[in-house]
Every structure is written in structure tokens, then in C-alpha cells.
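The structure appears below as C-alpha cells.
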Amino acid sequence: MVSLENVERAYGGEPPVLACAGVTLTITAGELVAIVGPSGSGKSTLLNIIGTLDRPTAGVARIDGHDVAGLGDHDLSALRAYRIGFVFQQFHLAEGVSAVDNVADGLLYTGVPRGVRRRRAVAALERVGLGHRLGHRPHQLSGGERQRVAIARAVVGDPPLLLADEPTGNLDTASGAAVVELLHELNRQGTTIVVITHDTELAARLPRRIAVRDGRVVA
Ligand code: ADP
Ligand code: MG
């Protein structure tokens, strides 16, 4: 699913930063992996490269069988729209928009008609245990519920790869644990999942951990 070979990501500036300093790793379809490390160690940079939101400045990133260096922006957008789901710490839901419409928006770029988008959104919300909150807008939901809406949006198109950057970072312990349990459940149903976290307790509950420090894999 993911193969990185000596991947580097340099940011210009004085002094320049090598946020990713030569990372080689493989993630196989069906895995549930945590990327762990202190703040500033390059976790988000790594996840953005895996999600093709960013390109390496050196090395080879192969995602879902594609060398990202060989894909133009249009093909990369298609890869993201159909093959990769994203979840972020800040939820990124549209305010004033119902849960079902927030989730349906996850299919905007796939050319699926509106009625089908909404039906699939309802199914995705049921999958994350929010079938009873379809019409709720983000301000009417708890933090944990908002993150579950965001997860429903990320998986509504059934992407084989789900990437989550600190998905429990804004949640209390109980809601965070529920989100982690949901990730486990989605993984059992076949989705390959990569989760960034600096929460060591959360990471300890995942079957594989990749530890990064100063842009390198250290364990
Ligand atoms: P983490 O997610 O582990 O906290 P990041 O991947 O966000 O780490 O950042 C890794 C390093 O790269 C940090 O030192 C950060 O300051 C630097 N960095 C991240 N994004 C940029 C950018 N757009 N421009 C310059 N430096 C950046
Ligand atoms: Mg980060």
C-alpha cells in the first residue's frame, strides 16, 4: 500500500529544515500502524507524503502502486479522491452544515450524483454509530461525535487507505478511546490505517508503531 525509499522533504529557509531525512518503510494492505514521535519530529510531513498532499524532494514514494513522482496534479487528486481518506485533529467540518451533508461532501470529487452521495453518507454515519445524529450541525455535536463525522466523511468512498493526523488530539480520554476503537473496527473491515499520535497510550494499543525523531525512523 505504501512504500517509501530514502524519502526526504527539505523546507527552504535559514537554516533549511530536513523535515523528512531519508525514510525507508513499507506498509502492507490491511495494516494498522501508528507513527509516533515528539512534536516537530516530522510526523505530519511523513503523513502528507504518504497522502500525496506533498511530494518528496528526494527519494521514491510509491502509494497504492503509483510512484507519485510520475503522476501529475490531476492524477494525484484522483488518487486522493478515490483511494485515500484523511482525518485531522481539528475535524475540519463545515459549520452550519448537517452531519449528513458534511459526510456527503466527501464524495464531491467522485462524480457521484447528489442523491447517491446522501444515501452513502447516511450509511457511513451509521457505520460510525451516528445514525441518530444525521441532521445535527457541528456545534450541536460533542467533540468525539464531530470526529466520528469526520471519520465517516473520510471513509464514505470506501478508500483502501485511511490516514489520521492526531485524531484524538482534541478529545477527552473517553471520546479518544472510542475513536481508537472505531479505527480498529474499520481496520478489521479491511481498511489500511496509518495514525499519527504522540499519545503513547493510544500507540501502545496499535499492532505496529513506527517511531520517528528528527525526520528519521528510529524504531
Ligand atoms: P510533527 O508533525 O512531528 O510535529 P512536522 O512534520 O509538522 O512535525 O514538522 C517537522 C519539522 O519541519 C519541524 O521542525 C517543522 O518546524 C518543519 N516544518 C514543517 N512544515 C514546514 C514548512 N511548511 N516550512 C518550513 N518548515 C516546516
Ligand atoms: Mg504534526
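A note on labels: chains of the C-alpha cells are A, B, ... as shown, every chain counts residues from 1, and ligands are counted from 1 in their shown order.
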
Compile a residue-level contact table for range 89-138 of chain A against range 74-81 of chain A at a cut-off of 12 Å, reporting for every qualifying residue the shortest atom pair and its distance in Å to one decimal, with only C-alpha atoms counted, rows ordered by chain and ascending number, as a tab-separated table.
```
residue	atom	partner	partner_atom	distance
A:Asp105	CA	A:Ala81	CA	11.2
A:Gly106	CA	A:Ala81	CA	8.2
A:Leu107	CA	A:Ala81	CA	7.7
A:Leu108	CA	A:Ala81	CA	8.7
A:Tyr109	CA	A:Ala81	CA	6.3
A:Thr110	CA	A:Ala81	CA	6.6
A:Gly111	CA	A:Ala81	CA	10.3
A:Val112	CA	A:Ala81	CA	11.7
```

Using the selection just defined, write its residues with N, CA and C atoms as a PDB file, in the first residue's frame.
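Final output, saved to again_39.pdb:
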```pdb
ATOM      1  N   ASP A 105     -20.183  15.453   1.352  1.00  0.00           N
ATOM      2  CA  ASP A 105     -19.164  16.266   0.669  1.00  0.00           C
ATOM      3  C   ASP A 105     -17.879  15.472   0.427  1.00  0.00           C
ATOM      4  N   GLY A 106     -17.680  14.400   1.202  1.00  0.00           N
ATOM      5  CA  GLY A 106     -16.506  13.555   0.978  1.00  0.00           C
ATOM      6  C   GLY A 106     -16.536  12.868  -0.376  1.00  0.00           C
ATOM      7  N   LEU A 107     -17.700  12.901  -1.042  1.00  0.00           N
ATOM      8  CA  LEU A 107     -17.821  12.259  -2.363  1.00  0.00           C
ATOM      9  C   LEU A 107     -17.930  13.291  -3.480  1.00  0.00           C
ATOM     10  N   LEU A 108     -17.737  14.575  -3.138  1.00  0.00           N
ATOM     11  CA  LEU A 108     -17.935  15.646  -4.128  1.00  0.00           C
ATOM     12  C   LEU A 108     -17.104  15.444  -5.383  1.00  0.00           C
ATOM     13  N   TYR A 109     -15.878  14.971  -5.208  1.00  0.00           N
ATOM     14  CA  TYR A 109     -14.955  14.926  -6.346  1.00  0.00           C
ATOM     15  C   TYR A 109     -14.976  13.582  -7.054  1.00  0.00           C
ATOM     16  N   THR A 110     -15.986  12.752  -6.759  1.00  0.00           N
ATOM     17  CA  THR A 110     -16.024  11.435  -7.394  1.00  0.00           C
ATOM     18  C   THR A 110     -17.106  11.346  -8.458  1.00  0.00           C
ATOM     19  N   GLY A 111     -17.833  12.429  -8.692  1.00  0.00           N
ATOM     20  CA  GLY A 111     -18.836  12.414  -9.750  1.00  0.00           C
ATOM     21  C   GLY A 111     -20.087  11.614  -9.416  1.00  0.00           C
ATOM     22  N   VAL A 112     -20.259  11.239  -8.149  1.00  0.00           N
ATOM     23  CA  VAL A 112     -21.458  10.505  -7.732  1.00  0.00           C
ATOM     24  C   VAL A 112     -22.614  11.511  -7.602  1.00  0.00           C
TER      25      VAL A 112
END
```

### Query
So which residues touch Gly131 in chain A within 12 Å, counting only C-alpha atoms, skipping near sequence neighbours fewer than 5 positions away, as a list in words?
Ala99, Val100, Arg119, Arg120, Ala121, Val122, Ala123, Ala124, Leu125, Glu126, His136, Glu145, Arg148, Val149 and Ala152 of chain A

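Listed by chain and then residue number, the contacts of ligand 2 are A:Ser39, A:Gly40, A:Gly42, A:Lys43, A:Ser44, A:Thr45, A:Asp165, A:Glu166, A:Ile196 (distance at most 8 Å, using only C-alpha atoms and all ligand atoms).
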
### 12 Å shell around ligand 1 using only C-alpha atoms and all ligand atoms, listed as a VMD selection string
chain A and resid 8 to 21 35 to 49 54 88 to 89 164 to 166 195 to 198 211 to 217

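Take the candidates A:Asp67, A:Asp101, A:Ile84, A:Val194 and check each one against Arg114 in chain A using only C-alpha atoms; the shortest distance goes to A:Asp101.
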